[in-house]
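> Okay, handing you the structure first.
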Amino acid sequence: MGSMQLVQSVCGMCTARCPISVEVKDGSVGMIYGNPHSPLKGALCARGVAGKALERESECPQSPLIRVGERGEGKWKKVSWEEAFDYVAQKIAAVQQQHGREAVLWSDRDGPFTDLYRAFMRGIGSPNVCTHSTSCDLNTHHASKAVMGLGRGMAVNDFANCKHIVLQTRNIFEAINLGEARTVMQALRKGCKLTVIDIRHNVSASKANDFLLVRPGTDYAFNLGIINTLITRKLYNKDYVDAHTTGFAELAEFVAPYTAEWAAEQCQVDAQAIVRLAQSLAAAAPHVIWHPGWMTSRYGDSFQVARTALVITALLGGVGVKGGIVPGRTPKECGKAGLKKFTDLFPAPKGFRADSLGVDNKAFDPGKGLLHKAFEAISNPPQGAAPVKAYMCWRHDPLQGYPDPDALRKRFGGLDLLVSVTFSWSDTAWYSDVVLPLSTYLSRESIIATKNGLKPQFFVRNRVIPPRYDTKADWEIIGGLAKRLGLDPLVFESAEDVWRFQLEGTGLTSADFTEKGFVSLTSEPLYVDLASYSFPTASGKVELTSEGYGKGCGENMLPPYTPPVAPPEGAYRITFGRVAVHTQGHTINNPLLLEQVPENTVWINSKKAKAAGINPGDRVRVRDAAGNAMGEAGVKITSAIHPEAIFVVHGFGHDLPCESRAINQGISDSKCLRGGLGMQDMGGGGLAMQEHFVTLEKVAGSGAA
Amino acid sequence: MSKYIVMHNSADCIGCKACEVQCRSLHNGGPGAFFCRVLSVEQTEPKPALGFVYTSCFHCENPWCVKACPTGAMRRRDDGIVYVETSACVGCKACITACPWAAPQWNAQTGKVDKCDLCRDRIDQGLKPACVTTCAMSCLQFSTPDAASQERRQEFAGQMLRNRPAAR
């Protein structure tokens with residue numbers, strides 16, 4: 001046995017980017033576990049551990065590929081990186097010459113490593129950068145801005161010091177950000193209360209003091225009932241509200257008709273449960289977090305659900321206060337210089353955005369964009385904007401993550417160039433003109449990232465082992481394109497050069513990251529002092545009616561409640577979520593994870609199942625509203641899900657021949673969401689992805705005779 | 001003497017399977033062979049509840065499997081770790097039937113049995129078993145029976161005090 005080396009790096013199996021330690025023996029990956037220098041202390045989730053199987057994966061793009069058949073036909077020509085870079089750069093230049101610099105669209109899944117990408121897009125002069133956010137967290141992000149002026153990333157849930165956490169459409173123990181999940185569990189151990197409001201009893205609910213099963217789509221009503229109860233029973237923190245918030249009187253008037261009894265009827269829960277929850281929260285105040293959610297592209301009013309979650313926390317005095325939801329801090333507040341930014345190398349492009357942001361809507365964050373709107377601009381650009389003709393899709397799979405992939409493929413028909421940068425096969429990569437293979441996260445370095453929060457730090461992903469195939473790191477791919485497009489400042493010879501650029505002026509060198517993988521900028525958590533802190537809202541205060549944001553986007557921030565549509569006879573509302581062993585579509589083909597959860601079993605309410613003649617052991621086909629079958633799976637028959645809904649884990653139902661293990665496993669929920677690209681929450685910008693109905697059909701011959 | 005024990009605090013377990021997957025990533029016992037397994041137990045009435053139980057080999061003081069093994073492949077170290085010397089295993093499966101918990105695992109690819117050996121290579125380096133190190137919620141603990149008992153009692157004592165009504 002050769003000597004064992006230990007490398008501190010950053011996990012890439014989901015978006016949480018946990019710090020990891022990786023053993024390397026004889027040039028191959030040994031055990032992967034949580035970085036012991038971090039609060040993980042060795043702990044890691046199943047997906048992080050399964051990174052080892054990703055390293056052995058051969059069913060991935062192994063070299064640059066240029067399409068030779070029709071889009072999606074799977075006929076490729078293997079090319080060198082030089083040829084691939086030349087091809088993409090020439091196409092981008094041609095598109096920009098013909099249609100304008102804004103004709104290039106970029107999307108990725110955001111995160112801490114995006115500075116170089118944003119700089120590239122600035123360099124080529126296109127403002128059209130979007131994240132996946134409209135299919136994920138945009139409603140929460142904007143709710144956070146609307147109430148506190150802080151984006152989602154700068155609003156920290158201080159679980160460690162919290163005394164009552166409410167989770168609503170946030171399944172914290174299955175959609176795992178491990179550091180967060182561990183902190184919540186530690187808080188529960190110390191006596192913090194947990195209330196879970198959901199349409200089904202999930203793992204998080206199993207750890208709760210109270211679980212409230214609500215009718216799907218009624219969360220806004222629930223929250224209005226809580227606000228009403230807090231105000232009418234004088235359970236809110238009057239001193240805090242007077243000193244730090246605006247809009248209380250208007251809010252109180254608005255919620256007057258929305259009593260606990262009214263909310264209970266809408267949500268199909270006991271009115272006393274709503275009153276008891278309000279009282280219990282008041283007893284724990286101000287150390288209260290009503291979680292505004294993470295993935296909130298769910299219902300037509302999900303923005304208001306997230307917004308009212310924050311309003312409730314504020315009414316209890318929990319915003320900006322230890323043990324509540326607090327503003328994150330940056331290197332500056334630690335008295336340290338920030339990283340030098342690649343984006344500062346180029347001016348921000350001034351052209352019209354394909355998603356129209358910045359024209360009529362000045363509240364939505366152009367840093368996130370509205371990707372579904374930018375897709376519309378492929379064939380139908382807004383007035384004054386260029387059509388989108390080239391699309392760089394970076395580590396992102398909108399054909400899996402956005403509703404109605406068939407409709408999206410039609411939209412992509414208007415593109416002259418579709419490029420996927422990816423470490424795994426995906427529906428979007430398969431449909432692309434060019435695939436630029438990214439090295440796996442264990443075989444590529446990242447740029448250095450800043451983690452803002454209560455304890456800001458810089459961290460970096462170190463390369464653990466060399467890539468096994470002809471793949472490259474982000475900085476190499478950006479560099480290769482930049483070189484051909486005249487953006488020399490983005491061309492670096494080595495990762496070391498990239499890091500040297502970023503660390504200039506910080507007094508640090510890359511060697512400072514070797515031992516731990518991160519550099520802490522403060523030893524103690526930094527809380528704001530509310531007496532002197534000014535929230536970055538229009539008024540400088542917590543805005544209970546979001547007047548500043550509402551003016552910016554031109555939407556009513558106090559919309560009356562509209563009950564959800566009931567499913568048609570024999571149909572179910574399709575709902576989706578996560579399970580601890582998968583990250584959406586990109587882990588399904590991983591053998592260590594697929595054997596854990598090989599398909600997305602359909603949860604169905606036991607009374608409904610009985611009426612439909614569905615029994616344990618049966619298999620069902622899920623049909624969309626038009627009757628098309630979207631795959632089949634087994635069933636979980638339980639009284640612990642609301643009868644109007646079925647639930648599946650998102651990410652299954654792959655049909656790519658290049659993924660031999662994932663193919664035909666389970667159901668594609670995305671495909672069921674017909675017309676979903678046009679169903680946007682106007683207040684927050686997120687897509688309403690749980691406003692669709694499906695039917696079930698028992699698969700003949702399945703189950704017990 | 002059997003020195004070691006793996007304790008599982010089920011109240012903190014979220015059934016995330018990190019332990020199982022880590023074990024599988026390091027010791028490939030063959031398709032469907034899990035040296036450790038987290039089982040979920042559910043009820044819906046009178047109200048929904050869900051819990052998780054970690055199961056592995058108990059490394060018995062008097063292991064049925066060792067006695068049942070006709071070839072001497074199933075062995076026990078002085079520190080109590082029960083392991084399989086696979087070169088001596090003939091695949092008779094007597095150990096699986098003898099074990100009250102059927103802990104030894106069948107490897108259909110090799111035609112031999114293998115099982116949890118508490119990551120003896122790691123233990124010999126002063127480390128903990130991989131499942132314990134990786135446990136996402138740190139609800140698995142590698143300990144000795146004495147220390148584990150003391151710790152559990154201490155926790156219980158703390159709980160009792162916290163739950164006691166305030167003194168009059």
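Chain labels follow the order of the structure tokens: the first chain is A, the next B, and so on; residue numbering restarts at 1 in every chain, and ligands are counted from 1 in their shown order.
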Give one line per residue of chain B that approaches chain A to at most 7 Å, naming the two atoms of the closest pair and their distance in Å to one decimal, counting only C-alpha atoms; sort by chain then ascending residue number and deliver it as JSON lines.


```
{"residue": "B:Asp12", "atom": "CA", "partner": "A:Met185", "partner_atom": "CA", "distance": 6.8}
{"residue": "B:Ile14", "atom": "CA", "partner": "A:Phe173", "partner_atom": "CA", "distance": 6.4}
{"residue": "B:Cys16", "atom": "CA", "partner": "A:Ala580", "partner_atom": "CA", "distance": 5.2}
{"residue": "B:Lys17", "atom": "CA", "partner": "A:Ala46", "partner_atom": "CA", "distance": 5.7}
{"residue": "B:Ala18", "atom": "CA", "partner": "A:Ala46", "partner_atom": "CA", "distance": 3.8}
{"residue": "B:Val21", "atom": "CA", "partner": "A:Ala46", "partner_atom": "CA", "distance": 5.7}
{"residue": "B:Gln22", "atom": "CA", "partner": "A:Val49", "partner_atom": "CA", "distance": 5.7}
{"residue": "B:Ser25", "atom": "CA", "partner": "A:Ala50", "partner_atom": "CA", "distance": 7.0}
{"residue": "B:Leu26", "atom": "CA", "partner": "A:Met31", "partner_atom": "CA", "distance": 7.0}
{"residue": "B:Thr44", "atom": "CA", "partner": "A:Ser639", "partner_atom": "CA", "distance": 6.5}
{"residue": "B:Pro48", "atom": "CA", "partner": "A:Ala640", "partner_atom": "CA", "distance": 6.3}
{"residue": "B:Ala49", "atom": "CA", "partner": "A:Ser206", "partner_atom": "CA", "distance": 5.7}
{"residue": "B:Leu50", "atom": "CA", "partner": "A:Ser206", "partner_atom": "CA", "distance": 5.5}
{"residue": "B:Thr133", "atom": "CA", "partner": "A:Gly42", "partner_atom": "CA", "distance": 5.5}
{"residue": "B:Thr134", "atom": "CA", "partner": "A:Ala43", "partner_atom": "CA", "distance": 4.3}
{"residue": "B:Cys135", "atom": "CA", "partner": "A:Ala43", "partner_atom": "CA", "distance": 5.3}
{"residue": "B:Ala136", "atom": "CA", "partner": "A:Ala43", "partner_atom": "CA", "distance": 4.6}
{"residue": "B:Met137", "atom": "CA", "partner": "A:Arg182", "partner_atom": "CA", "distance": 5.8}
{"residue": "B:Ser138", "atom": "CA", "partner": "A:Ala43", "partner_atom": "CA", "distance": 6.7}
```

> Just asking: which residues within segment 123-356 of chain A are alpha helix (DSSP H) according to DSSP, as an MDAnalysis selection string?

chainID A and resid 123:124 138:148 178:189 203:206 219:232 238:244 248:255 260:267 271:284 302:315

> Which polymer residues have any atom within 6 Å of an atom of segment 51-61 of chain B, counting only C-alpha atoms, with same-chain residues fewer than 4 positions away left out, as a PDB file with C-alpha atoms, in the first residue's frame?


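As a result, result18.pdb now contains:
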```pdb
ATOM      1  CA  SER B   2     -15.368  -7.875  23.402  1.00  0.00           C
ATOM      2  CA  SER B  10     -32.164   7.113  17.254  1.00  0.00           C
ATOM      3  CA  GLY B  15     -32.209   8.028   8.204  1.00  0.00           C
ATOM      4  CA  CYS B  36     -24.727  -2.028   8.337  1.00  0.00           C
ATOM      5  CA  ARG B  37     -28.258  -0.909   7.617  1.00  0.00           C
ATOM      6  CA  VAL B  38     -30.548   1.797   8.913  1.00  0.00           C
ATOM      7  CA  LEU B  39     -34.106   0.549   8.998  1.00  0.00           C
ATOM      8  CA  SER B  40     -37.099   2.836   9.144  1.00  0.00           C
ATOM      9  CA  VAL B  41     -40.119   2.045  11.258  1.00  0.00           C
ATOM     10  CA  ILE B  81     -13.933  -8.037  16.568  1.00  0.00           C
ATOM     11  CA  VAL B  82     -15.618 -10.839  14.642  1.00  0.00           C
ATOM     12  CA  ALA B 103     -25.800 -10.132  10.240  1.00  0.00           C
TER      13      ALA B 103
END
```

> Quote the spacing between atom CA of Ile5 of chain B and atom CA of Leu127 of chain B in Å to one decimal place.

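Separation of atom CA of Ile5 of chain B and atom CA of Leu127 of chain B: 14.2 Å.
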
> Which is closest to Lys410 of chain A among A:Ser510, A:Ala119, A:Leu345, A:Ile378, if we use only C-alpha atoms?

A:Ile378

> Between atom CA of Cys18 of chain A and atom CA of Phe423 of chain A, what is the spacing in Å?

18.5 Å

> To one decimal place, how far is atom CA of Val519 of chain A from atom CA of Arg329 of chain A in Å?

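According to the coordinates, atom CA of Val519 of chain A and atom CA of Arg329 of chain A are separated by 15.3 Å.
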
> From segment 470-585 of chain A, collect each residue whose DSSP state is strand (DSSP E) and return the set as a VMD selection string.

chain A and resid 518 to 520 542 to 543 572 to 577

> Please write the residues from the selection above to a file, keeping N, CA and C atoms, as a CSV table (one decimal), in the first residue's frame.


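That gives us again29.csv:
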```csv
chain,number,residue,atom,x,y,z
A,518,PHE,N,-9.9,26.4,4.3
A,518,PHE,CA,-10.6,27.7,4.5
A,518,PHE,C,-9.8,28.6,5.4
A,519,VAL,N,-10.1,29.9,5.3
A,519,VAL,CA,-9.5,30.8,6.2
A,519,VAL,C,-10.6,31.6,6.9
A,520,SER,N,-10.7,31.5,8.2
A,520,SER,CA,-11.7,32.2,9.0
A,520,SER,C,-11.3,33.6,9.1
A,542,VAL,N,-37.4,47.1,8.9
A,542,VAL,CA,-38.1,45.9,8.4
A,542,VAL,C,-39.5,46.4,7.9
A,543,GLU,N,-39.8,46.1,6.6
A,543,GLU,CA,-41.0,46.6,6.0
A,543,GLU,C,-42.1,45.5,6.0
A,572,TYR,N,-55.1,14.3,-9.2
A,572,TYR,CA,-54.3,14.7,-8.0
A,572,TYR,C,-53.4,15.9,-8.3
A,573,ARG,N,-53.2,16.7,-7.3
A,573,ARG,CA,-52.2,17.8,-7.5
A,573,ARG,C,-50.8,17.1,-7.4
A,574,ILE,N,-49.9,17.3,-8.3
A,574,ILE,CA,-48.6,16.6,-8.2
A,574,ILE,C,-47.6,17.5,-7.5
A,575,THR,N,-47.1,17.0,-6.4
A,575,THR,CA,-46.1,17.7,-5.6
A,575,THR,C,-44.8,16.9,-5.6
A,576,PHE,N,-43.7,17.6,-5.3
A,576,PHE,CA,-42.4,16.9,-5.4
A,576,PHE,C,-41.5,17.5,-4.3
A,577,GLY,N,-40.4,16.8,-4.1
A,577,GLY,CA,-39.5,17.2,-3.1
A,577,GLY,C,-38.2,16.4,-3.1
```

> Residues at most 12 Å from segment 335-344 of chain A, counting only C-alpha atoms, excluding those fewer than 3 positions away in the same chain, as a PyMOL selection string?

chain A and resi 113-125+329-332+347-349+447-452+456-459+475+478+487-492+498-509+519-522+526

> Export, as a compact mmCIF listing (two decimals), in the first residue's frame, the selected residues with C-alpha atoms.


```txt
# COMPACT_ATOMS: atom_id res chain seq x y z
CA PHE A 113 -17.93 30.23 -7.44
CA THR A 114 -19.61 32.44 -10.07
CA ASP A 115 -17.37 35.53 -10.15
CA LEU A 116 -15.35 34.28 -13.12
CA TYR A 117 -18.49 33.43 -15.12
CA ARG A 118 -20.03 36.83 -14.47
CA ALA A 119 -16.77 38.46 -15.55
CA PHE A 120 -16.81 36.48 -18.79
CA MET A 121 -20.33 37.66 -19.62
CA ARG A 122 -19.43 41.24 -18.79
CA GLY A 123 -16.39 40.84 -21.01
CA ILE A 124 -18.43 39.78 -24.02
CA GLY A 125 -20.89 42.58 -23.27
CA ARG A 329 -21.67 39.89 7.66
CA THR A 330 -18.96 40.28 5.04
CA PRO A 331 -15.14 40.37 5.19
CA LYS A 332 -15.44 44.16 5.51
CA PRO A 347 -17.93 47.43 -16.91
CA ALA A 348 -21.48 46.12 -16.46
CA PRO A 349 -23.19 45.84 -19.88
CA ILE A 447 -11.74 29.92 -7.62
CA ILE A 448 -11.55 31.08 -4.01
CA ALA A 449 -14.98 31.88 -2.61
CA THR A 450 -16.27 34.15 0.12
CA LYS A 451 -18.75 32.77 2.60
CA ASN A 452 -20.63 35.64 4.21
CA PRO A 456 -17.33 35.03 7.30
CA GLN A 457 -14.58 32.98 5.72
CA PHE A 458 -12.76 32.41 2.45
CA PHE A 459 -12.69 28.84 1.17
CA TRP A 475 -11.08 28.51 -15.01
CA ILE A 478 -13.42 30.26 -19.30
CA LEU A 487 -10.64 38.82 -22.95
CA ASP A 488 -7.01 38.35 -22.00
CA PRO A 489 -7.38 39.31 -18.31
CA LEU A 490 -9.46 36.12 -17.82
CA VAL A 491 -6.76 33.84 -19.21
CA PHE A 492 -4.67 32.17 -16.50
CA VAL A 498 -6.13 32.51 -10.44
CA TRP A 499 -5.83 32.43 -6.66
CA ARG A 500 -2.94 34.92 -6.64
CA PHE A 501 -5.13 37.39 -8.54
CA GLN A 502 -8.00 36.96 -6.09
CA LEU A 503 -5.88 37.16 -2.94
CA GLU A 504 -4.07 40.34 -3.94
CA GLY A 505 -4.52 42.83 -1.12
CA THR A 506 -5.79 40.28 1.42
CA GLY A 507 -2.39 39.46 2.83
CA LEU A 508 -3.10 35.76 2.23
CA THR A 509 -1.57 33.18 -0.10
CA VAL A 519 -9.47 30.83 6.22
CA SER A 520 -11.72 32.19 8.97
CA LEU A 521 -12.03 35.96 9.10
CA THR A 522 -13.40 36.14 12.64
CA LEU A 526 -20.74 38.84 14.38
```

> Extract, using only C-alpha atoms, all DNA, RNA and protein residues at most 12 Å from Ala147 of chain B, discarding same-chain residues fewer than 6 positions from it, and format them as a list of chain:residue names.

B:Lys3, B:Tyr4, B:Ile5, B:Val6, B:Met7, B:Gln141, B:Arg153, B:Gln154

> Name the residues in contact with segment 546-560 of chain A at a cut-off of 8 Å, using only C-alpha atoms, excluding same-chain residues fewer than 4 positions from it; report them as a PDB file with C-alpha atoms, in the first residue's frame.


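Result written to selection05.pdb:
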```pdb
ATOM      1  CA  LYS A 145     -35.432  41.527  -0.013  1.00  0.00           C
ATOM      2  CA  ALA A 146     -39.019  42.734   0.286  1.00  0.00           C
ATOM      3  CA  VAL A 147     -39.105  42.504   4.076  1.00  0.00           C
ATOM      4  CA  GLY A 247     -46.425  49.272   7.862  1.00  0.00           C
ATOM      5  CA  LEU A 251     -50.915  45.094   7.925  1.00  0.00           C
ATOM      6  CA  PHE A 254     -55.415  43.874   6.033  1.00  0.00           C
ATOM      7  CA  GLN A 304     -46.453  35.705  -0.122  1.00  0.00           C
ATOM      8  CA  ASP A 360     -40.647  48.086 -15.641  1.00  0.00           C
ATOM      9  CA  ASN A 361     -39.536  45.948 -12.741  1.00  0.00           C
ATOM     10  CA  LYS A 362     -36.838  47.511 -10.615  1.00  0.00           C
ATOM     11  CA  ALA A 363     -37.338  45.305  -7.559  1.00  0.00           C
ATOM     12  CA  PHE A 364     -36.413  41.878  -8.950  1.00  0.00           C
ATOM     13  CA  THR A 537     -34.770  48.487   2.555  1.00  0.00           C
ATOM     14  CA  ALA A 538     -36.147  51.777   1.202  1.00  0.00           C
ATOM     15  CA  SER A 539     -37.028  52.870   4.760  1.00  0.00           C
ATOM     16  CA  MET A 682     -45.827  37.879 -10.127  1.00  0.00           C
ATOM     17  CA  GLY A 683     -44.781  39.045  -6.671  1.00  0.00           C
TER      18      GLY A 683
END
```

> Need the shell around Tyr83 of chain B: protein/DNA/RNA residues with any atom at most 8 Å away, counting only C-alpha atoms. Skip same-chain ones fewer than 5 positions apart. Format as a ChimeraX atom specification?

/B:74-77,114-117

> Which one is closest to Ile123 of chain B: B:Asp79, B:Arg24, B:Glu85, B:Ala94? Count only C-alpha atoms.

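Result for the nearest residue to Ile123 of chain B: B:Asp79.
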